[in-house]
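For reference, the structure is listed below as structure tokens.
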Amino acid sequence: MSRVRVSVLLPVGPEAPYLGQTLQSLNEQSFADWELIVVLDGNAQVNRKIVESVSLKVPVTVIEHTTSQGIARSLNAALHRASGDLIARIDADDINLSQRLAKQVAEFDRDEQLMLLGTSATVIDEAGQQSGTRIVPAGDANLRRRLLWRNCFIHPSVMFRKNAAILIGGYNIHCTRTEDYELWLRLSLCGKINNLPEPLIGYRVHSGQHTTGRQGISRLESKALLKMKLQLAKEQGTPQFLARLIHMAWEWNRTPHKFWR
């Protein structure tokens with residue numbers, strides 16, 4: 001496989017009604033030196049036809065899972081097939097603005113210490129109409145503080161350095177709901193992190209998406225997140241007891257609760 005600058009990782013679940021739109025938005029990128037790695041995680045035959053129906057201008061690698069392996073395993077499979085030194089993420093229901101890859105690559109070229117870079121997003125509905133904007137916070141020091149409280153990155157908007165991600169073990173397969181958040185915490189210990197305030201993706205909100213509503217996490221997943229938060233807190237000089245309290249509050253807030261009168 002010839003080397004490229006950016007590898008775009010696209011995991012595709014069994015139901016992917018917007019996949020064609022996602023692929024077309026990638027085809028319109030102004031940045032030319034990239035490849036696409038698609039992981040068909042279940043229902044591969046149908047979704048492969050959609051991928052093949054779009055005449056993509058870049059090298060395409062398709063990985064097929066006949067039975068669903070989950071997003072973390074799918075992304076790790078793609079990560080280890082990537083030839084680019086930069087990894088860009090997108091999901092099969094979102095779209096990319098034409099300047100997205102170019103603007104993110106320019107930031108990595110300006111700062112060799114930058115490990116992770118996200119962007120803001122335009123929120124779109126099922127019909128592709130704009131319904132709002134998600135503006136993310138920016139600045140390395142600011143994001144490090146905020147990461148103790150919550151995930152400050154929009155997963156399908158991020159770009160990160162491949163070698164750093166592989167060196168620290170890639171996505172944690174035990175974090176089935178927070179695979180992105182846990183990886184950002186680990187990458188933050190490797191170098192600088194940042195967000196571009198400009199919306200460079202269209203983030204689609206719909207009833208079938210992976211992250212709809214409050215969803216609890218397993219004890220193993222919680223422990224993995226807490227471990228990294230404690231390391232980040234130590235680096236910042238934040239007391240460990242405070243980091244634990246912050247994590248407890250975060251976990252409570254994302255878990256559905258029932259109250260009886």
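Chains: A, B, ... in order of the structure tokens. Residues: from 1 per chain. Ligands: from 1, in order shown.
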- Query: Contacts of segment 6-16 of chain A at 7 Å or less, counting only C-alpha atoms, minus same-chain residues fewer than 4 places along, as a ChimeraX atom specification?
  - Reply: /A:33-43,71,74-75,78,82-92
- Query: Could you pull out all residues of segment 89-237 of chain A with a DSSP call of strand (DSSP E) and give them as a ChimeraX atom specification?
  - Reply: /A:89,95-96,114-124,130-134,159-161,192-204
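Atom CA of Trp184 of chain A lies 23.9 Å from atom CA of Thr22 of chain A.
The shell of residues at most 6 Å from segment 114-125 of chain A, with only C-alpha atoms counted and near chain neighbours (fewer than 5 positions) removed, consists of A:Gln130, A:Ser131, A:Gly132, A:Thr133, A:Arg134, A:Ile135, A:Val136, A:Phe153, A:Ser157, A:Val158, A:Met159, A:Phe160, A:Arg161, A:Gly191, A:Lys192, A:Ile193, A:Asn194, A:Asn195, A:Leu196, A:Pro197, A:Glu198, A:Pro199, A:Leu200, A:Ile201, A:Gly202, A:Tyr203, A:Arg204, A:Val205.
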Could the residues in this selection be saved with C-alpha atoms as an mmCIF file, in the first residue's frame?
data_model
loop_
_atom_site.group_PDB
_atom_site.id
_atom_site.type_symbol
_atom_site.label_atom_id
_atom_site.label_comp_id
_atom_site.auth_asym_id
_atom_site.auth_seq_id
_atom_site.Cartn_x
_atom_site.Cartn_y
_atom_site.Cartn_z
ATOM 1 C CA GLN A 130 -29.369 22.614 9.619
ATOM 2 C CA SER A 131 -30.969 22.563 13.064
ATOM 3 C CA GLY A 132 -28.215 24.153 15.156
ATOM 4 C CA THR A 133 -24.486 24.426 15.801
ATOM 5 C CA ARG A 134 -22.196 22.687 18.286
ATOM 6 C CA ILE A 135 -19.337 25.017 19.156
ATOM 7 C CA VAL A 136 -16.565 23.211 21.023
ATOM 8 C CA PHE A 153 -14.444 16.581 21.246
ATOM 9 C CA SER A 157 -14.619 15.623 13.569
ATOM 10 C CA VAL A 158 -11.254 14.613 15.004
ATOM 11 C CA MET A 159 -7.844 14.110 13.478
ATOM 12 C CA PHE A 160 -4.967 12.584 15.457
ATOM 13 C CA ARG A 161 -1.456 11.212 14.983
ATOM 14 C CA GLY A 191 1.119 16.104 23.648
ATOM 15 C CA LYS A 192 -1.073 19.068 22.804
ATOM 16 C CA ILE A 193 -4.809 18.858 22.119
ATOM 17 C CA ASN A 194 -7.061 21.448 20.507
ATOM 18 C CA ASN A 195 -10.299 22.176 18.684
ATOM 19 C CA LEU A 196 -10.980 24.446 15.718
ATOM 20 C CA PRO A 197 -14.002 26.659 16.516
ATOM 21 C CA GLU A 198 -15.075 26.584 12.861
ATOM 22 C CA PRO A 199 -17.757 23.973 12.032
ATOM 23 C CA LEU A 200 -16.117 21.620 9.531
ATOM 24 C CA ILE A 201 -18.550 18.715 9.647
ATOM 25 C CA GLY A 202 -22.288 18.275 9.514
ATOM 26 C CA TYR A 203 -23.208 16.218 12.591
ATOM 27 C CA ARG A 204 -26.478 14.392 11.953
ATOM 28 C CA VAL A 205 -28.862 13.889 14.868
#
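Across the model, the gap from atom CA of Ala224 of chain A to atom CA of Pro256 of chain A is 20.5 Å.
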- Message: Ranking A:Thr176, A:Gln29, A:Asn142, A:Asn47 by minimum distance to Gln236 of chain A and counting only C-alpha atoms, which one comes first?
- Response: A:Asn142
- Which of segment 14-196 of chain A counts as alpha helix (DSSP H) under DSSP, as a PyMOL selection string please? chain A and resi 19-27+44-53+71-79+100-110+140-147+162-167+179-188
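Here the question is which of A:His65, A:Arg186, A:His155, A:Lys229 gets nearest to Phe241 of chain A using only C-alpha atoms, and that residue is A:Lys229.
Between atom CA of Pro239 of chain A and atom CA of Glu179 of chain A the separation is 25.2 Å.
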